[in-house]
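Participant: Here you go, coords-v6.pdb (PDB, C-alpha atoms):
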ATOM      1  CA  MET T  80     -24.543  -9.159 -16.575
ATOM      2  CA  PHE T  81     -23.220  -8.583 -20.087
ATOM      3  CA  GLU T  82     -26.399  -6.725 -20.993
ATOM      4  CA  ILE T  83     -25.902  -4.415 -18.006
ATOM      5  CA  ILE T  84     -22.313  -3.713 -19.042
ATOM      6  CA  VAL T  85     -23.404  -2.945 -22.594
ATOM      7  CA  ALA T  86     -26.158  -0.678 -21.271
ATOM      8  CA  GLY T  87     -23.564   1.371 -19.416
ATOM      9  CA  GLY T  88     -21.896   2.478 -22.621
ATOM     10  CA  TRP T  89     -18.283   2.572 -23.699
ATOM     11  CA  LEU T  90     -17.140   4.136 -20.395
ATOM     12  CA  MET T  91     -17.789   0.791 -18.740
ATOM     13  CA  VAL T  92     -14.513  -0.392 -20.325
ATOM     14  CA  PRO T  93     -12.197   1.902 -18.298
ATOM     15  CA  ILE T  94     -14.366   1.386 -15.196
ATOM     16  CA  ILE T  95     -13.981  -2.393 -15.511
ATOM     17  CA  LEU T  96     -10.224  -1.995 -16.070
ATOM     18  CA  CYS T  97     -10.053   0.122 -12.912
ATOM     19  CA  SER T  98     -11.884  -2.586 -10.982
ATOM     20  CA  ILE T  99      -9.461  -5.273 -12.196
ATOM     21  CA  ILE T 100      -6.402  -3.191 -11.304
ATOM     22  CA  ALA T 101      -7.841  -2.246  -7.901
ATOM     23  CA  THR T 102      -8.611  -5.888  -7.111
ATOM     24  CA  ALA T 103      -5.074  -6.933  -8.064
ATOM     25  CA  ILE T 104      -3.521  -4.195  -5.916
ATOM     26  CA  ILE T 105      -5.710  -5.050  -2.920
ATOM     27  CA  ALA T 106      -4.835  -8.747  -3.152
ATOM     28  CA  GLU T 107      -1.109  -8.007  -3.565
ATOM     29  CA  ARG T 108      -1.019  -5.570  -0.641
ATOM     30  CA  PHE T 109      -2.840  -7.994   1.627
ATOM     31  CA  TRP T 110      -0.115 -10.545   0.849
ATOM     32  CA  SER T 111       2.827  -8.139   1.097
ATOM     33  CA  LEU T 112       1.742  -6.298   4.258
ATOM     34  CA  ARG T 113       1.421  -9.372   6.451
ATOM     35  CA  ALA T 114       3.020  -8.783   9.841
ATOM     36  CA  GLU T 115       5.030 -12.008   9.663
ATOM     37  CA  LYS T 116       6.499 -10.904   6.340
ATOM     38  CA  VAL T 117       7.366  -7.317   7.303
ATOM     39  CA  VAL T 118       8.106  -7.632  11.040
ATOM     40  CA  PRO T 119       8.894 -11.282  11.876
ATOM     41  CA  LYS T 120       8.543 -12.137  15.532
ATOM     42  CA  GLN T 121      11.737 -12.633  17.529
ATOM     43  CA  LEU T 122      13.905 -11.466  14.608
ATOM     44  CA  THR T 123      15.531  -8.682  16.612
ATOM     45  CA  ALA T 124      16.405 -11.009  19.490
ATOM     46  CA  GLN T 125      17.714 -13.640  17.077
ATOM     47  CA  VAL T 126      19.917 -11.137  15.238
ATOM     48  CA  TRP T 127      21.326  -9.844  18.514
ATOM     49  CA  GLN T 128      22.060 -13.384  19.649
ATOM     50  CA  TRP T 129      23.826 -14.188  16.377
ATOM     51  CA  TYR T 130      25.834 -10.977  16.667
ATOM     52  CA  HIS T 131      27.114 -11.854  20.139
ATOM     53  CA  SER T 132      27.898 -15.446  19.226
ATOM     54  CA  GLY T 133      29.826 -14.342  16.124
ATOM     55  CA  GLN T 134      27.496 -16.125  13.708
ATOM     56  CA  LEU T 135      26.622 -13.082  11.583
ATOM     57  CA  ASN T 136      28.626 -13.844   8.459
ATOM     58  CA  GLY T 137      28.017 -12.160   5.117
ATOM     59  CA  GLU T 138      25.664 -14.845   3.850
ATOM     60  CA  ARG T 139      23.483 -14.713   6.959
ATOM     61  CA  LEU T 140      23.367 -10.911   6.892
ATOM     62  CA  LYS T 141      22.268 -11.018   3.267
ATOM     63  CA  GLY T 142      19.523 -13.491   4.131
ATOM     64  CA  ILE T 143      18.295 -11.308   6.995
ATOM     65  CA  GLU T 144      18.311  -8.231   4.783
ATOM     66  CA  GLN T 145      16.276  -9.941   2.064
ATOM     67  CA  SER T 146      13.821 -11.573   4.460
ATOM     68  CA  SER T 147      11.818  -8.532   5.552
ATOM     69  CA  GLY T 148      11.650  -4.787   5.967
ATOM     70  CA  LEU T 149      12.688  -5.106   9.586
ATOM     71  CA  GLY T 150      15.619  -7.269   8.486
ATOM     72  CA  LYS T 151      16.915  -4.475   6.224
ATOM     73  CA  MET T 152      16.834  -2.007   9.091
ATOM     74  CA  LEU T 153      18.496  -4.404  11.537
ATOM     75  CA  VAL T 154      21.313  -5.180   9.128
ATOM     76  CA  THR T 155      21.874  -1.435   8.663
ATOM     77  CA  GLY T 156      22.055  -1.077  12.437
ATOM     78  CA  ILE T 157      24.568  -3.918  12.767
ATOM     79  CA  ALA T 158      26.708  -2.474   9.957
ATOM     80  CA  ASN T 159      26.846   0.956  11.660
ATOM     81  CA  MET T 160      27.062  -0.190  15.263
ATOM     82  CA  ARG T 161      30.676   0.900  15.639
ATOM     83  CA  TYR T 162      29.868   4.543  14.774
ATOM     84  CA  GLY T 163      27.864   5.309  17.907
ATOM     85  CA  ARG T 164      24.210   5.702  18.752
ATOM     86  CA  GLU T 165      23.391   8.855  16.749
ATOM     87  CA  ILE T 166      25.079   7.777  13.522
ATOM     88  CA  MET T 167      23.576   4.331  13.873
ATOM     89  CA  LYS T 168      20.115   5.827  14.350
ATOM     90  CA  GLU T 169      20.490   8.127  11.342
ATOM     91  CA  ARG T 170      21.527   5.266   9.050
ATOM     92  CA  ILE T 171      18.609   3.134  10.237
ATOM     93  CA  GLU T 172      16.199   6.013   9.622
ATOM     94  CA  ASP T 173      17.549   6.385   6.085
ATOM     95  CA  THR T 174      16.957   2.697   5.436
ATOM     96  CA  GLY T 175      13.543   2.971   7.087
ATOM     97  CA  ARG T 176      12.450   5.568   4.533
ATOM     98  CA  TYR T 177      13.192   3.132   1.722
ATOM     99  CA  VAL T 178      11.367   0.351   3.552
ATOM    100  CA  ILE T 179       8.273   2.520   4.086
ATOM    101  CA  HIS T 180       8.345   3.561   0.449
ATOM    102  CA  ASP T 181       8.325  -0.106  -0.511
ATOM    103  CA  LEU T 182       5.420  -0.814   1.860
ATOM    104  CA  GLU T 183       3.438   1.986   0.201
ATOM    105  CA  ARG T 184       3.944   0.511  -3.257
ATOM    106  CA  TYR T 185       0.835   0.709  -5.475
ATOM    107  CA  LEU T 186      -1.146   2.650  -2.873
ATOM    108  CA  THR T 187      -0.933   5.806  -4.975
ATOM    109  CA  ALA T 188      -2.442   3.899  -7.886
ATOM    110  CA  LEU T 189      -5.218   2.566  -5.647
ATOM    111  CA  GLY T 190      -5.954   6.068  -4.375
ATOM    112  CA  SER T 191      -6.033   7.358  -7.954
ATOM    113  CA  ILE T 192      -8.547   4.669  -8.918
ATOM    114  CA  ALA T 193     -10.682   5.632  -5.920
ATOM    115  CA  ALA T 194     -10.706   9.215  -7.186
ATOM    116  CA  VAL T 195     -11.077   8.513 -10.915
ATOM    117  CA  ALA T 196     -13.744   5.780 -10.879
ATOM    118  CA  PRO T 197     -16.641   8.015  -9.726
ATOM    119  CA  LEU T 198     -15.559  10.651 -12.239
ATOM    120  CA  LEU T 199     -15.767   8.041 -14.992
ATOM    121  CA  GLY T 200     -19.239   7.176 -13.735
ATOM    122  CA  LEU T 201     -20.167  10.855 -13.775
ATOM    123  CA  LEU T 202     -18.841  11.183 -17.316
ATOM    124  CA  GLY T 203     -20.995   8.209 -18.266
ATOM    125  CA  SER T 204     -23.970  10.017 -16.767
ATOM    126  CA  VAL T 205     -23.212  13.087 -18.851
ATOM    127  CA  THR T 206     -22.937  11.105 -22.073
ATOM    128  CA  GLY T 207     -26.193   9.331 -21.161
ATOM    129  CA  LEU T 208     -27.912  12.683 -20.638
ATOM    130  CA  MET T 209     -26.613  13.846 -23.998
ATOM    131  CA  LYS T 210     -28.198  10.793 -25.600
ATOM    132  CA  VAL T 211     -31.479  11.482 -23.807
ATOM    133  CA  PHE T 212     -31.598  15.100 -24.968
ATOM    134  CA  SER T 213     -30.608  14.084 -28.477
ATOM    135  CA  ALA T 214     -33.428  11.507 -28.549
ATOM    136  CA  VAL T 215     -35.923  14.046 -27.216
ATOM    137  CA  THR T 216     -34.848  16.517 -29.896
ATOM    138  CA  ARG T 217     -35.308  13.985 -32.667
ATOM    139  CA  HIS T 218     -38.337  12.011 -31.473
ATOM    140  CA  GLY T 219     -39.956  13.989 -28.671
ATOM    141  CA  VAL T 220     -40.962  12.468 -25.337
ATOM    142  CA  GLY T 221     -43.840  10.357 -26.538
ATOM    143  CA  ASN T 222     -41.852   7.137 -26.982
ATOM    144  CA  PRO T 223     -40.167   5.991 -23.746
ATOM    145  CA  GLN T 224     -38.181   3.265 -25.558
ATOM    146  CA  VAL T 225     -36.244   5.963 -27.373
ATOM    147  CA  LEU T 226     -35.140   7.405 -24.037
ATOM    148  CA  ALA T 227     -34.360   4.056 -22.378
ATOM    149  CA  GLY T 228     -30.834   3.741 -23.778
ATOM    150  CA  GLY T 229     -29.660   7.080 -22.436
ATOM    151  CA  ILE T 230     -31.363   6.618 -19.071
ATOM    152  CA  SER T 231     -29.876   3.143 -18.572
ATOM    153  CA  GLU T 232     -26.430   4.478 -19.439
ATOM    154  CA  ILE T 233     -26.820   7.192 -16.797
ATOM    155  CA  MET T 234     -27.812   4.736 -14.086
ATOM    156  CA  VAL T 235     -25.420   1.893 -14.910
ATOM    157  CA  ALA T 236     -22.303   4.056 -15.422
ATOM    158  CA  THR T 237     -22.891   5.996 -12.204
ATOM    159  CA  ALA T 238     -23.509   2.849 -10.167
ATOM    160  CA  ALA T 239     -20.483   1.073 -11.665
ATOM    161  CA  GLY T 240     -18.189   4.006 -10.886
ATOM    162  CA  LEU T 241     -19.339   4.047  -7.267
ATOM    163  CA  VAL T 242     -19.054   0.263  -6.919
ATOM    164  CA  VAL T 243     -15.380   0.515  -7.904
ATOM    165  CA  ALA T 244     -14.617   3.705  -5.973
ATOM    166  CA  ILE T 245     -16.122   2.853  -2.573
ATOM    167  CA  PRO T 246     -14.082  -0.320  -1.836
ATOM    168  CA  SER T 247     -10.999   1.327  -3.342
ATOM    169  CA  VAL T 248     -11.279   4.212  -0.865
ATOM    170  CA  ILE T 249     -11.902   1.835   2.040
ATOM    171  CA  PHE T 250      -8.875  -0.368   1.267
ATOM    172  CA  TYR T 251      -6.671   2.631   0.460
ATOM    173  CA  ARG T 252      -7.326   4.037   3.922
ATOM    174  CA  TYR T 253      -6.927   0.606   5.507
ATOM    175  CA  PHE T 254      -3.546  -0.027   3.879
ATOM    176  CA  GLN T 255      -2.312   3.449   4.802
ATOM    177  CA  ARG T 256      -3.154   2.693   8.420
ATOM    178  CA  ARG T 257      -1.571  -0.736   8.085
ATOM    179  CA  VAL T 258       1.697   0.777   6.833
ATOM    180  CA  ASP T 259       1.703   3.263   9.727
ATOM    181  CA  ASP T 260       1.210   0.445  12.252
ATOM    182  CA  LEU T 261       3.982  -1.632  10.710
ATOM    183  CA  ALA T 262       6.315   1.370  10.644
ATOM    184  CA  ILE T 263       5.743   1.976  14.364
ATOM    185  CA  THR T 264       6.351  -1.693  15.151
ATOM    186  CA  MET T 265       9.597  -1.715  13.135
ATOM    187  CA  GLU T 266      10.723   1.457  14.888
ATOM    188  CA  GLN T 267      10.135  -0.136  18.280
ATOM    189  CA  GLU T 268      12.064  -3.257  17.301
ATOM    190  CA  VAL T 269      14.999  -1.305  15.917
ATOM    191  CA  LEU T 270      15.117   0.880  19.022
ATOM    192  CA  LYS T 271      15.635  -2.308  21.019
ATOM    193  CA  LEU T 272      18.740  -2.995  18.945
ATOM    194  CA  ILE T 273      20.011   0.583  19.311
ATOM    195  CA  ASP T 274      19.446   0.589  23.068
ATOM    196  CA  ALA T 275      21.128  -2.808  23.468
ATOM    197  CA  ALA T 276      24.139  -1.691  21.442
ATOM    198  CA  HIS T 277      24.363   1.600  23.357
ATOM    199  CA  ALA T 278      24.082  -0.168  26.711
ATOM    200  CA  GLU T 279      26.830  -2.598  25.718
ATOM    201  CA  SER T 280      29.178   0.148  24.549
ATOM    202  CA  THR T 281      28.526   2.134  27.734
ATOM    203  CA  ALA T 282      29.256  -0.904  29.878
ATOM    204  CA  ALA T 283      32.426  -1.624  27.923
ATOM    205  CA  ALA T 284      33.586   1.981  28.337
ATOM    206  CA  ALA T 285      32.891   1.869  32.073
ATOM    207  CA  ALA T 286      34.805  -1.382  32.419
ATOM    208  CA  GLY T 287      37.732   0.118  30.538
ATOM    209  CA  GLN T 288      37.889   3.094  32.880
ATOM    210  CA  GLU T 289      38.060   0.801  35.883
TER     211      GLU T 289
END
Would it be possible to restate this file's structure as structure tokens?

Facilitator:
Amino acid sequence: MFEIIVAGGWLMVPIILCSIIATAIIAERFWSLRAEKVVPKQLTAQVWQWYHSGQLNGERLKGIEQSSGLGKMLVTGIANMRYGREIMKERIEDTGRYVIHDLERYLTALGSIAAVAPLLGLLGSVTGLMKVFSAVTRHGVGNPQVLAGGISEIMVATAAGLVVAIPSVIFYRYFQRRVDDLAITMEQEVLKLIDAAHAESTAAAAAGQE
């Protein structure tokens, strides 16, 4: 393996660094984008129950907010419940933008690696070709060993760049889709809270008119 890396030339160093960074990002995003971490089941119902039973003190609200992305949006909804449906919805949407931004953390870097890695491989191919032409100029084409170094650099650098780029592209697209799915799920959960609060305020207003 070490011989293959050496054969790829000095551009193997940034390609290997890209592979390490991409692997770290992929592992971190798999951990951070788990559904139970971002959108815990039954959280909306539990928050609504606590709200009606008067158990939503400051400490509990802080815990909910820090627990998940959905928790941040629900706490925003609870805090703005008295302002009416539209204001409440606007505040939740503002918080949602920050939550989505956090879910997309490092994805730009992963996408950049997916784009840069094959270019590094291509650059390695160019430098390998330069070595081949330089060897041909100095020694001619009669000795294949003279050309082997440049040819191996072309092949190894190109292959290494593609090996890093292909999984990076695949996981970049996967995580983008994952964020979209989680965003839709959070939106649905928060709408439950908005609709419940609106229904309660409407019922209270109707009862007051009677």

Participant: Restricting the calculation to only C-alpha atoms: of T:Leu182, T:Ala193, T:Ile143, T:Met160, which residue gets closest to Ser98 of chain T?

Facilitator: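 Closest candidate: T:Ala193.
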
Participant: Name the residues that the PyMOL selection byres ((chain T and resi 247) around 9) picks from the file above, as a list in words, using the file's chain letters and numbers.

Facilitator: Ser98, Ala101, Thr102, Ile105, Leu189, Gly190, Ile192, Ala193, Ala194, Val242, Val243, Ala244, Ile245, Pro246, Val248, Ile249, Phe250, Tyr251 and Arg252 of chain T

Participant: Can you tell me, as a VMD selection string, which residues sit within 7 Å of (16.6, -6.7, 20.4) in the file's frame, using only C-alpha atoms?

Facilitator: chain T and resid 123 to 124 127 268 271 to 272 275

Participant: Tell me which protein, DNA and RNA residues are within 12 Å of Ile157 of chain T, counting all atoms listed in the file, leaving out same-chain ones fewer than 5 positions away, and put them as a ChimeraX atom specification.

Facilitator: /T:123,126-131,135-137,140,143-144,150-152,162-164,166-168,170-171,269,272-273,275-277

Participant: When distances are computed from all atoms listed in the file, which of T:Tyr253, T:Asp260, T:Thr206, T:Val178 shows the smallest separation from Met234 of chain T?

Facilitator: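 Distance minimum relative to Met234 of chain T lands on T:Thr206.
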
Participant: Give me the result of the PyMOL selection byres ((chain T and resi 198) around 10) on this file, residue by residue, as a list in words.

Facilitator: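 So the PyMOL selection byres ((chain T and resi 198) around 10), applied here, picks out Ile94, Ile192, Ala193, Ala194, Val195, Ala196, Pro197, Leu199, Gly200, Leu201, Leu202, Gly203, Ser204, Ala236, Thr237, Gly240, Leu241 and Ala244 of chain T.
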
Participant: Once the PyMOL selection byres ((chain T and resi 186) around 8) has been evaluated on this model, what residues remain selected, and can you format them as a PyMOL selection string?

Facilitator: chain T and resi 104+183-185+187-190+251+254-255

Participant: Quick one: distance from atom CA of Thr264 of chain T to atom CA of Val118 of chain T in Å, one decimal?

Facilitator: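 Separation between atom CA of Thr264 of chain T and atom CA of Val118 of chain T: 7.4 Å.
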
Participant: How far is it from atom CA of Ala114 of chain T to atom CA of Arg256 of chain T, in Å with one decimal?

Facilitator: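 A separation of 13.1 Å between them.
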
Participant: Mind giving me the straight-line distance from atom CA of Ala158 of chain T to atom CA of Arg257 of chain T in Å, one decimal?

Facilitator: 28.4 Å

Participant: From the list T:Glu107, T:Glu138, T:Asp181, T:Asp173, which residue is nearest Thr155 of chain T when using all atoms listed in the file?

Facilitator: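 Comparing T:Glu107, T:Glu138, T:Asp181, T:Asp173 against Thr155 of chain T, the winner is T:Asp173.
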